[in-house]
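> Structure in structure tokens, see below.
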Protein chains: 8
Amino acid sequence: MNVVNLKKLLQRIQAGRVSVEKGLEELKHLPYEQIDCATIDHHRHLRQGAPETIFGAGKTAAQVLSIMKKMKEKGNNILVTRLEREKVPPLRRAFPKARYYPSSRVLTLINHPVEMRGRGTILVVCAGTSDIPVAEEAILTARMLGNRVEHLYDVGVAGIHRLMSQRERLMAASVLIVIAGMEGALPSVVAGLVNRPVIAVPTSVGYGSHFGGITALLAMLNSCASGVTVVNIDNGYGAAFAASQINRL
Amino acid sequence: MNVVNLKKLLQRIQAGRVSVEKGLEELKHLPYEQIDCATIDHHRHLRQGAPETIFGAGKTAAQVLSIMKKMKEKGNNILVTRLEREKVPPLRRAFPKARYYPSSRVLTLINHPVEMRGRGTILVVCAGTSDIPVAEEAILTARMLGNRVEHLYDVGVAGIHRLMSQRERLMAASVLIVIAGMEGALPSVVAGLVNRPVIAVPTSVGYGSHFGGITALLAMLNSCASGVTVVNIDNGYGAAFAASQINRL
Amino acid sequence: MNVVNLKKLLQRIQAGRVSVEKGLEELKHLPYEQIDCATIDHHRHLRQGAPETIFGAGKTAAQVLSIMKKMKEKGNNILVTRLEREKVPPLRRAFPKARYYPSSRVLTLINHPVEMRGRGTILVVCAGTSDIPVAEEAILTARMLGNRVEHLYDVGVAGIHRLMSQRERLMAASVLIVIAGMEGALPSVVAGLVNRPVIAVPTSVGYGSHFGGITALLAMLNSCASGVTVVNIDNGYGAAFAASQINRL
Amino acid sequence: MNVVNLKKLLQRIQAGRVSVEKGLEELKHLPYEQIDCATIDHHRHLRQGAPETIFGAGKTAAQVLSIMKKMKEKGNNILVTRLEREKVPPLRRAFPKARYYPSSRVLTLINHPVEMRGRGTILVVCAGTSDIPVAEEAILTARMLGNRVEHLYDVGVAGIHRLMSQRERLMAASVLIVIAGMEGALPSVVAGLVNRPVIAVPTSVGYGSHFGGITALLAMLNSCASGVTVVNIDNGYGAAFAASQINRL
Amino acid sequence: MNVVNLKKLLQRIQAGRVSVEKGLEELKHLPYEQIDCATIDHHRHLRQGAPETIFGAGKTAAQVLSIMKKMKEKGNNILVTRLEREKVPPLRRAFPKARYYPSSRVLTLINHPVEMRGRGTILVVCAGTSDIPVAEEAILTARMLGNRVEHLYDVGVAGIHRLMSQRERLMAASVLIVIAGMEGALPSVVAGLVNRPVIAVPTSVGYGSHFGGITALLAMLNSCASGVTVVNIDNGYGAAFAASQINRL
Amino acid sequence: MNVVNLKKLLQRIQAGRVSVEKGLEELKHLPYEQIDCATIDHHRHLRQGAPETIFGAGKTAAQVLSIMKKMKEKGNNILVTRLEREKVPPLRRAFPKARYYPSSRVLTLINHPVEMRGRGTILVVCAGTSDIPVAEEAILTARMLGNRVEHLYDVGVAGIHRLMSQRERLMAASVLIVIAGMEGALPSVVAGLVNRPVIAVPTSVGYGSHFGGITALLAMLNSCASGVTVVNIDNGYGAAFAASQINRL
Amino acid sequence: MNVVNLKKLLQRIQAGRVSVEKGLEELKHLPYEQIDCATIDHHRHLRQGAPETIFGAGKTAAQVLSIMKKMKEKGNNILVTRLEREKVPPLRRAFPKARYYPSSRVLTLINHPVEMRGRGTILVVCAGTSDIPVAEEAILTARMLGNRVEHLYDVGVAGIHRLMSQRERLMAASVLIVIAGMEGALPSVVAGLVNRPVIAVPTSVGYGSHFGGITALLAMLNSCASGVTVVNIDNGYGAAFAASQINRL
Amino acid sequence: MNVVNLKKLLQRIQAGRVSVEKGLEELKHLPYEQIDCATIDHHRHLRQGAPETIFGAGKTAAQVLSIMKKMKEKGNNILVTRLEREKVPPLRRAFPKARYYPSSRVLTLINHPVEMRGRGTILVVCAGTSDIPVAEEAILTARMLGNRVEHLYDVGVAGIHRLMSQRERLMAASVLIVIAGMEGALPSVVAGLVNRPVIAVPTSVGYGSHFGGITALLAMLNSCASGVTVVNIDNGYGAAFAASQINRL
């Protein structure tokens, strides 16, 4: 659109209907963001088939609903994260096709089939059953972003053979998202077994000196295995987003 | 080799020279690691042309020297990180071709040309001139791992136009390593401008409530931009290792 | 009044009705606070048209009501901050003209028009929609203190062009209050764009290693942009009060 | 300049020497930063007579020298902060007019008289004699920025009458920089006595549970007096910069 | 009793009914604790007229009731601290004379008049109205321990003249308990005005970087005024107990 | 079983029904975990008579129920820890023999008598009555693991003679679990009195600067008495598990 | 003096040489601090025979020397704390009678015999030999302040009988200063044995998770024994000052 | 000795040379610790062949020398931990048989052969070569305490097969001391492989967010493997002492 406007201005200059001086003036005051949009392209990932995403925490059902309605007009798929269960009914009334995952508090609305864009498989590994909600958020996000996703649950380091017996699946993945609470040791062990990027997600699963996930976070940041990068506590969405970017390279 | 041994055992069983019972016993006690090595392949990244790496901090010059000598025999390239300047002279006497970078405290020994293995370009971006030593560690590591590396220095967020004017270079990279001390805001801004994986490296550059890099680390973990993953404070090596894994996908 | 008393004492000394010794004694014991009040003037800002302010957190509705009634007698405008919604009904019954803002939990009672006293415009900028309650507290406070206030919402650093396109509004302000949660980077970017005082307000918007606002607070204290000063987490009131003092110079 | 180029482009379009399509293409690729520079004006404060500033910590004498030489060419006054004493001699050899203040580790080079630009007086208040180095950094910075500066030393809250006896000087200032280590209580008391902006600077003066200034910093952020804003620990420079911006309004 | 037993043993040795060797053996095994009880006298303060005290937090109403009943038999006065309001009704049914103070969550049961044992006056000073519950716990405790107690409320440091005007009352006290939240500065100022022991009590009154009282606690531990000692956050009881011990010397 | 399979393979090789090459191939792909199970024996402690354990926190009643049903089939005793009271009724309906301990939130299901396996006595010592729930978790766990367990309650260090009078019981134990909140000093005193392993359990009993148990945890880690080892806050289960392992040596 | 001036003013008013109005004016502007000094008496403790005190840390030898010279003129005894050994020689040259205690880094200069002013005995108790420097600072300070001081060393809680055997000395003291590093448990045990005020001093003796004294500090603040108050880490001076105030009551 | 004195007293009572009353009096005042020594037996572990131990940190060479001389008289073996290298020469001059281990800073003096008292083997496992000094302290201590000790070095979790291949040695040990810095994950993995007590020792090996060992400490406290207990950072001595107590059961 703004390219259209710009073109019109130049045409009017060419046609002599607008003087150079006035054109210069308009160009100088041409809203920055409009030139900008043409190059920065803030919405670039939407055009690539990615879903629109709403961070549901701290928003009322009414706010989420109104944002979803606006998004729906554009026909995009929609992903809502951290959506408390009590906010779901009004959304489901408005969007009967919406699907809610209570464990991970994710809501998805698939308006058109997700285009597969990732090259390899993203493997989501988690240490304990209590970490599964975070894993689910990562899986749903990665799928909405067009990736093939597999998972491996309950392979914590205290029973290392469970993990070892799955080495082939670990090595077959392109990118791994490794999720753990408690002492957060799983990403170190996994990264020592594979030769692929490992994104570590600490979870708030623990108590006492676990400090709501800080212990797992610190352990992951201090991993003795090379190639581990880390996201914030319980941030399954962020890990999946990064993994998806990697998987598209 | 261990496959060879295993084969011999089976042949002796087949030939009746070893009983099934004795063979069973040997198999049960067959050193775990030997079967293991065939599949896990601990040295996998070495075979791929990666350098051997020594973490120099806390090792004496004599220890580093002895490790380097052993590595040298295999003919690999060698990368030593966090090597204090006073430990360098004896190493240089033993390895005249070694090159030391005092700012990043990295020593490299190139025994054979590094094979280019990365597909795209890794761009190392840093906020201030004081972050350059960490950037240099990342650059040297990424190059030793077979990547094309470029850099962009001194583009901190307090003078945002410096960064904005380099948008094209930002967008041309496959993976970005973004390094910042102080408030650690640069990865958020960069990740908002590009559509590629951003690995954030907090540095210990700061004072007072900076807590030796903790403030920058926390800021990066809490980035409002999707797709940012984080490594430990001043860990240029780790960021480059992860970026290299991504760049090979 | 105390000046009156003091004058009377001196007159009685002059008239010989009080001896020098006794006068000396009285002066030595003259209640400190009375001389004091004449010079310190604790109520100075009230005389300047500022509203009376009540910090509502931790006070019962009854306590707030009784304080408001006493204040009302003096005819001042009244500002109540951090007032939970359930305390509002009894206040509204007593003061039908009171207006409550549920998002920011502010209640205002305008008894006489606020006198405009600020010289320029205070611009309240905030990073995300979740930061708006803090912004609203700042805006309402600054208005009650007699300032012209404008705002700019949802210009977080992950989409830097949104901020850049508003540069003219940023540069037109006399004082800026910049509010952000998450990584708290916005004040650094804004302070790099303007040449005016920037008061940064960290918010508790975030999760995990955000520590209820500490990450944003630390980031702001470590801003690489000169001229940023900081107030406590979620302290929109304090920022507005400081901005108002600056705007009156 | 870029306006000139832009004008030329439009003239060539008007003259038909450049087609609309090609003009459109050029405009889309018109380097962002060049339009940008005309409006953002990164060097704005230099043109206003401010000194060029170098943060000396972590830079070698050679680095500081080379930066100073480049700055000197433009004829600006130069301020170097946090410069260790051992780096001074080579700088003094190159710039004999440079003056070094060992207590605050500040070096100044006055190439032309500082133009007075502040409207009122900035008063620097500090609690104990150990806080004086930070005060000195603030004073030297504020003077270099064109402000009239006064100071009040050793008026800590444990001997409150020392402070009370200086109330008139406190009330005469336009902006106050209040510096304290230990329990950091001074800004609260001062802000309760004056009606002007108070910028609080915590110092690292203390021991044990003082945590290198964190206790004073926290106390100041939690001041019960309205209108106090805070900068990082020992950041006399930052406080003076902010105070100077306020004093120019 | 055990002295009696011991005497009997010696008499039997003297009488030759027990050999030296056997006596030696018995003495070696003489239960430690029995000699002990005679001298340590765990219940010493009860004999001195002090109330029996129950820390109510984390105890059920039934548990508190059963402890009170046992105590009641000995006829002592009883003090229950941190008793949630919902636990009071059953206690009041059992002890109609019990009196409950909802603000401080203290319950007292006066079975006999408290004997005045303190020599001077304990003055309880607090900074803000929100600190009053802690002050009330201190006052009730100190009274139950036999002290004359006075109080001074709402004399925070941001309005220093309120405190200054009460200097005579401050100087008349034997021991001072000074209570403050926020930046916790009041004990420093008070200790600078008086020449008596000051016990500082930080409160959890504050928000954000106040960390539930830690900021006030740290400030008090780092007081620049000599003679300030500190107790745990909100520990009005502990401060009163210590003050009472001092007041009895 | 897998030994059986392995044997069969070798027999078929011996018999010439499987070639050496094919046997080699099978052995290389022989599922890792199956050899593994024979040696690692993940379920080793179950076979030794230990109960199956479920960490109830964060699991729904339905999840616990389904896990218990599966365990029940194997006939093992079952121990559920950290089970909130509201989840108990459905479990009790399904397992009428289950017994719930509300104070420690432990549920036990005894399907066959616990076999006594410990050699000595485990003594559980706790400082205050508020620490009893953690003590109870330790006691129930240790008993389920086949140990003789005794306890000693309310022997905190502020009334040291209570502890001293029980020295003989302290010295009679094989292993001691010492539980304390507040300042966490009890393990130091106990470890100074006995010559046996002391496992210290910090509890979250405390307030203010107790940080939910961190103070007690830190104190125990810094014990001046040799031989103290520490588990996480409130981790009665973990202490009992470790004590049981020690008691079986 | 100022009383003299005030008297003169009143006499001149009485004599009619100064009008009431002018007198009023002078009184209003009468320097606050001068009336103040008459009542606040900042130097009150000096007149009571206390030494002048200099906090030596962070002061140069020259600064300490110049302060001591000024103090010397008034004839007071002088106490310098935290004085590094290398600063002592010039002080000793100037004041040959000065005595330096290298372990506690205290320097004393006795110009006239210390007047005994304390009523009872202050007992300084410390846990380990490494805590002795802090104990020595406390002892020297308390003696300079006119108290009878005794000490009890190396009675840490891991060998509780050492402490128990000294119970009589503990109970004979008026005030106790109890010093400990590591887990900081000693004050709790001592306060349970005596009925006197206990001032606890945490020391920085420890390592790892001791955090330079924080663990001991937290333990003391959370003491389960009533009547313990706490000062900053290693603050022997502060403890002695408070103990001395108590001992004079 | 004191038994001798006690016997004499009883003999004099028996002989009628001392009356019962006077004997009673003497017994009541008989120094507590002397009866005490007979029962508490502070030196119990020395009699069991344990070495005398000196914590060398913070002691001068002269102090260590004087303590060693006193110990030497009793003929015990002596263990000095944390002894800086520069303090060794004078000790070696006095005790030529002393042996110093520079890496672990341990000095041993073997005066008589260490009696083997442990029942099984203590296995010391460590993750990286930088953890070896802590391992060495543990090994030397455990040997001096009469245990058979083996070790396993450089089996960090990032190369899990190194550890797995040593499973038999792990399972053969009676007690395991597992030492790790960085993310501190090794104890979890080891405890999942063995059925014996695991004592975890975090080390200060790491950087940035490792906080001098805190990250490893927290990870170990939050281990998902049952049966792990933890000691302070770098506390090889404490782990060995506890392991030795366990090994003697």
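A note on labels: chains of the structure tokens are A, B, ... as shown, every chain counts residues from 1, and ligands are counted from 1 in their shown order.
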With 7 Å as the limit and counting only C-alpha atoms, what residues in chain F lie close to chain H? Please list them as number ranges by chain.

F: 40, 193, 196-197, 221-222, 226-232, 238, 241-242, 245-246

> Can you write out the residues you just picked, keeping N, CA, C and O atoms, as a PDB file, in the first residue's frame?


```pdb
ATOM      1  N   ILE F  40      22.251 -52.884  35.166  1.00  0.00           N
ATOM      2  CA  ILE F  40      21.874 -51.690  35.936  1.00  0.00           C
ATOM      3  C   ILE F  40      20.770 -52.005  36.925  1.00  0.00           C
ATOM      4  O   ILE F  40      20.812 -51.576  38.069  1.00  0.00           O
ATOM      5  N   LEU F 193      27.767 -34.372  69.579  1.00  0.00           N
ATOM      6  CA  LEU F 193      27.529 -35.277  70.717  1.00  0.00           C
ATOM      7  C   LEU F 193      27.637 -36.751  70.326  1.00  0.00           C
ATOM      8  O   LEU F 193      27.890 -37.594  71.181  1.00  0.00           O
ATOM      9  N   ARG F 196      28.064 -40.798  64.931  1.00  0.00           N
ATOM     10  CA  ARG F 196      27.347 -41.479  63.856  1.00  0.00           C
ATOM     11  C   ARG F 196      26.995 -40.478  62.753  1.00  0.00           C
ATOM     12  O   ARG F 196      26.977 -39.271  63.002  1.00  0.00           O
ATOM     13  N   PRO F 197      26.658 -41.003  61.585  1.00  0.00           N
ATOM     14  CA  PRO F 197      26.274 -40.087  60.498  1.00  0.00           C
ATOM     15  C   PRO F 197      25.026 -39.289  60.868  1.00  0.00           C
ATOM     16  O   PRO F 197      24.054 -39.855  61.370  1.00  0.00           O
ATOM     17  N   LEU F 221      24.630 -26.421  55.990  1.00  0.00           N
ATOM     18  CA  LEU F 221      25.750 -26.629  55.066  1.00  0.00           C
ATOM     19  C   LEU F 221      27.048 -26.085  55.644  1.00  0.00           C
ATOM     20  O   LEU F 221      28.137 -26.508  55.273  1.00  0.00           O
ATOM     21  N   ASN F 222      26.939 -25.106  56.536  1.00  0.00           N
ATOM     22  CA  ASN F 222      28.114 -24.482  57.122  1.00  0.00           C
ATOM     23  C   ASN F 222      28.370 -24.955  58.543  1.00  0.00           C
ATOM     24  O   ASN F 222      29.067 -24.281  59.300  1.00  0.00           O
ATOM     25  N   SER F 226      31.859 -31.842  62.166  1.00  0.00           N
ATOM     26  CA  SER F 226      32.173 -32.739  61.050  1.00  0.00           C
ATOM     27  C   SER F 226      31.129 -33.836  60.954  1.00  0.00           C
ATOM     28  O   SER F 226      30.582 -34.276  61.956  1.00  0.00           O
ATOM     29  N   GLY F 227      30.885 -34.279  59.748  1.00  0.00           N
ATOM     30  CA  GLY F 227      30.027 -35.443  59.561  1.00  0.00           C
ATOM     31  C   GLY F 227      28.579 -35.128  59.287  1.00  0.00           C
ATOM     32  O   GLY F 227      27.756 -36.026  59.208  1.00  0.00           O
ATOM     33  N   VAL F 228      28.256 -33.842  59.113  1.00  0.00           N
ATOM     34  CA  VAL F 228      26.876 -33.474  58.800  1.00  0.00           C
ATOM     35  C   VAL F 228      26.713 -33.400  57.289  1.00  0.00           C
ATOM     36  O   VAL F 228      27.463 -32.699  56.617  1.00  0.00           O
ATOM     37  N   THR F 229      25.737 -34.113  56.731  1.00  0.00           N
ATOM     38  CA  THR F 229      25.384 -33.920  55.330  1.00  0.00           C
ATOM     39  C   THR F 229      23.945 -33.447  55.283  1.00  0.00           C
ATOM     40  O   THR F 229      23.190 -33.632  56.229  1.00  0.00           O
ATOM     41  N   VAL F 230      23.558 -32.829  54.162  1.00  0.00           N
ATOM     42  CA  VAL F 230      22.328 -32.051  54.129  1.00  0.00           C
ATOM     43  C   VAL F 230      21.473 -32.449  52.931  1.00  0.00           C
ATOM     44  O   VAL F 230      21.998 -32.821  51.877  1.00  0.00           O
ATOM     45  N   VAL F 231      20.145 -32.382  53.097  1.00  0.00           N
ATOM     46  CA  VAL F 231      19.228 -32.567  51.971  1.00  0.00           C
ATOM     47  C   VAL F 231      18.414 -31.280  51.775  1.00  0.00           C
ATOM     48  O   VAL F 231      18.558 -30.327  52.526  1.00  0.00           O
ATOM     49  N   ASN F 232      17.576 -31.265  50.786  1.00  0.00           N
ATOM     50  CA  ASN F 232      16.789 -30.074  50.445  1.00  0.00           C
ATOM     51  C   ASN F 232      15.781 -29.736  51.561  1.00  0.00           C
ATOM     52  O   ASN F 232      15.463 -30.568  52.413  1.00  0.00           O
ATOM     53  N   GLY F 238      13.754 -37.747  51.399  1.00  0.00           N
ATOM     54  CA  GLY F 238      15.125 -37.926  50.933  1.00  0.00           C
ATOM     55  C   GLY F 238      16.072 -38.287  52.062  1.00  0.00           C
ATOM     56  O   GLY F 238      16.962 -39.127  51.906  1.00  0.00           O
ATOM     57  N   PHE F 241      15.466 -41.895  52.967  1.00  0.00           N
ATOM     58  CA  PHE F 241      15.992 -42.803  51.948  1.00  0.00           C
ATOM     59  C   PHE F 241      17.500 -42.968  52.128  1.00  0.00           C
ATOM     60  O   PHE F 241      18.031 -44.083  52.123  1.00  0.00           O
ATOM     61  N   ALA F 242      18.205 -41.846  52.296  1.00  0.00           N
ATOM     62  CA  ALA F 242      19.660 -41.912  52.488  1.00  0.00           C
ATOM     63  C   ALA F 242      19.997 -42.642  53.784  1.00  0.00           C
ATOM     64  O   ALA F 242      20.906 -43.472  53.831  1.00  0.00           O
ATOM     65  N   GLN F 245      19.692 -46.335  53.302  1.00  0.00           N
ATOM     66  CA  GLN F 245      20.826 -46.915  52.573  1.00  0.00           C
ATOM     67  C   GLN F 245      22.016 -47.110  53.499  1.00  0.00           C
ATOM     68  O   GLN F 245      22.721 -48.107  53.434  1.00  0.00           O
ATOM     69  N   ILE F 246      22.242 -46.115  54.349  1.00  0.00           N
ATOM     70  CA  ILE F 246      23.358 -46.212  55.299  1.00  0.00           C
ATOM     71  C   ILE F 246      23.114 -47.346  56.288  1.00  0.00           C
ATOM     72  O   ILE F 246      24.012 -48.111  56.616  1.00  0.00           O
TER      73      ILE F 246
END
```

> If you count only C-alpha atoms, which residues fall within 9 Å of G:Glu150, apart from same-chain ones fewer than 5 positions away, as a list in words?

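With the cut-off at 9 Å, the set is Thr121, Ile122, Leu123, Val124, Val125, Ile139 and Ala173 of chain G.
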
> May I have the residues within 7 Å of G:Val155 as a list of chain:residue names, using only C-alpha atoms and disregarding those fewer than 3 positions away in the same chain?

G:Cys126, G:Ala127, G:Gly128, G:Arg162, G:Leu163

> So the first atom is atom CA of D:His112 and the second is atom CA of D:Glu136; what is the distance between them in Å, to one decimal place?

21.4 Å

> List the neighbours of stretch 95-98 of chain B out to 10 Å using only C-alpha atoms; skip same-chain residues closer than 2 positions along the sequence, and give me the result as number ranges by chain.

B: 65, 68-69, 72, 78-79, 88-93, 100, 107-111

> For the strand (DSSP E or B) assignment from backbone DSSP, which residues of stretch 6-172 of chain C qualify? Please present them as a ChimeraX atom specification.

/C:52-55,78-81,99-101,106-109,121-126,148-152

> Please dump the current selection as an mmCIF file, in the first residue's frame; keep N, CA and C atoms.


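Below is the file out36.cif, written as the result:
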```
data_model
loop_
_atom_site.group_PDB
_atom_site.id
_atom_site.type_symbol
_atom_site.label_atom_id
_atom_site.label_comp_id
_atom_site.auth_asym_id
_atom_site.auth_seq_id
_atom_site.Cartn_x
_atom_site.Cartn_y
_atom_site.Cartn_z
ATOM 1 N N GLU C 52 -4.043 15.857 47.899
ATOM 2 C CA GLU C 52 -3.643 15.028 49.029
ATOM 3 C C GLU C 52 -3.613 13.596 48.523
ATOM 4 N N THR C 53 -2.647 12.825 48.982
ATOM 5 C CA THR C 53 -2.475 11.472 48.468
ATOM 6 C C THR C 53 -2.558 10.441 49.583
ATOM 7 N N ILE C 54 -3.273 9.362 49.300
ATOM 8 C CA ILE C 54 -3.367 8.255 50.245
ATOM 9 C C ILE C 54 -2.850 7.000 49.562
ATOM 10 N N PHE C 55 -1.909 6.315 50.214
ATOM 11 C CA PHE C 55 -1.432 5.035 49.712
ATOM 12 C C PHE C 55 -2.406 3.979 50.229
ATOM 13 N N ILE C 78 -8.188 14.917 46.021
ATOM 14 C CA ILE C 78 -7.666 13.737 46.703
ATOM 15 C C ILE C 78 -7.327 12.659 45.678
ATOM 16 N N LEU C 79 -6.167 12.024 45.891
ATOM 17 C CA LEU C 79 -5.706 10.931 45.032
ATOM 18 C C LEU C 79 -5.448 9.718 45.924
ATOM 19 N N VAL C 80 -6.105 8.610 45.623
ATOM 20 C CA VAL C 80 -5.845 7.378 46.374
ATOM 21 C C VAL C 80 -5.226 6.370 45.413
ATOM 22 N N THR C 81 -4.051 5.830 45.769
ATOM 23 C CA THR C 81 -3.404 4.845 44.896
ATOM 24 C C THR C 81 -3.486 3.454 45.520
ATOM 25 N N ARG C 99 -13.998 9.111 41.360
ATOM 26 C CA ARG C 99 -13.920 8.276 40.169
ATOM 27 C C ARG C 99 -12.839 7.205 40.366
ATOM 28 N N TYR C 100 -13.188 5.969 40.048
ATOM 29 C CA TYR C 100 -12.257 4.859 40.272
ATOM 30 C C TYR C 100 -11.807 4.272 38.946
ATOM 31 N N TYR C 101 -10.498 3.999 38.838
ATOM 32 C CA TYR C 101 -9.916 3.403 37.643
ATOM 33 C C TYR C 101 -9.460 1.986 37.990
ATOM 34 N N VAL C 106 -6.595 3.260 40.961
ATOM 35 C CA VAL C 106 -6.506 4.638 41.436
ATOM 36 C C VAL C 106 -7.910 5.183 41.640
ATOM 37 N N LEU C 107 -8.117 5.965 42.704
ATOM 38 C CA LEU C 107 -9.366 6.685 42.891
ATOM 39 C C LEU C 107 -9.041 8.169 42.992
ATOM 40 N N THR C 108 -9.814 8.988 42.274
ATOM 41 C CA THR C 108 -9.587 10.439 42.338
ATOM 42 C C THR C 108 -10.860 11.122 42.799
ATOM 43 N N LEU C 109 -10.669 12.209 43.522
ATOM 44 C CA LEU C 109 -11.803 13.038 43.921
ATOM 45 C C LEU C 109 -11.416 14.480 43.630
ATOM 46 N N THR C 121 5.326 19.171 28.578
ATOM 47 C CA THR C 121 4.491 17.983 28.559
ATOM 48 C C THR C 121 5.257 16.809 29.136
ATOM 49 N N ILE C 122 4.580 16.027 29.978
ATOM 50 C CA ILE C 122 5.158 14.772 30.445
ATOM 51 C C ILE C 122 4.641 13.670 29.530
ATOM 52 N N LEU C 123 5.574 12.898 28.937
ATOM 53 C CA LEU C 123 5.162 11.812 28.055
ATOM 54 C C LEU C 123 5.373 10.480 28.765
ATOM 55 N N VAL C 124 4.298 9.701 28.857
ATOM 56 C CA VAL C 124 4.379 8.389 29.481
ATOM 57 C C VAL C 124 4.425 7.341 28.375
ATOM 58 N N VAL C 125 5.548 6.605 28.333
ATOM 59 C CA VAL C 125 5.770 5.625 27.284
ATOM 60 C C VAL C 125 5.747 4.246 27.928
ATOM 61 N N CYS C 126 5.041 3.291 27.319
ATOM 62 C CA CYS C 126 5.190 1.952 27.898
ATOM 63 C C CYS C 126 5.352 0.869 26.860
ATOM 64 N N ARG C 148 0.416 18.663 31.949
ATOM 65 C CA ARG C 148 -0.115 18.189 30.695
ATOM 66 C C ARG C 148 0.583 16.844 30.432
ATOM 67 N N VAL C 149 -0.190 15.805 30.165
ATOM 68 C CA VAL C 149 0.389 14.463 30.033
ATOM 69 C C VAL C 149 -0.073 13.827 28.727
ATOM 70 N N GLU C 150 0.848 13.216 28.030
ATOM 71 C CA GLU C 150 0.486 12.411 26.871
ATOM 72 C C GLU C 150 1.046 11.005 27.056
ATOM 73 N N HIS C 151 0.587 10.081 26.219
ATOM 74 C CA HIS C 151 1.151 8.744 26.365
ATOM 75 C C HIS C 151 1.358 8.063 25.015
ATOM 76 N N LEU C 152 2.195 7.041 25.075
ATOM 77 C CA LEU C 152 2.579 6.264 23.904
ATOM 78 C C LEU C 152 2.661 4.825 24.385
#
```

> Could you work out how far atom CA of B:His161 lies from atom CA of C:Ile177, giving the answer in Å with one decimal?

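Distance between the two atoms: 21.7 Å.
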
> What's the separation between atom CA of C:Gly146 and atom CA of C:Glu115, in Å to one decimal place?

5.5 Å

> Looking only at the backbone, which of the residues in stretch 5-239 of chain B does DSSP tag as alpha helix (DSSP H), as a PyMOL selection string?

chain B and resi 5-14+20-29+32-40+44-47+61-73+88-94+132-144+160-164+167-172+186-193+214-221+236-239

> I want to know what sits within 10 Å of H:Asp234, based on only C-alpha atoms, with residues of the same chain fewer than 5 positions away left out; could you give that as a list in words?

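Near neighbours after the sequence-gap exclusion: Tyr207, Gly208 and Ser209 of chain G; Asp131, Pro133, Val134, Ala135, Glu137, Ala138, Ile179, Ala180, Gly181, Val201, Pro202, Thr203, Ser204, Val205, Gly212, Gly213, Leu217 and Ala239 of chain H.
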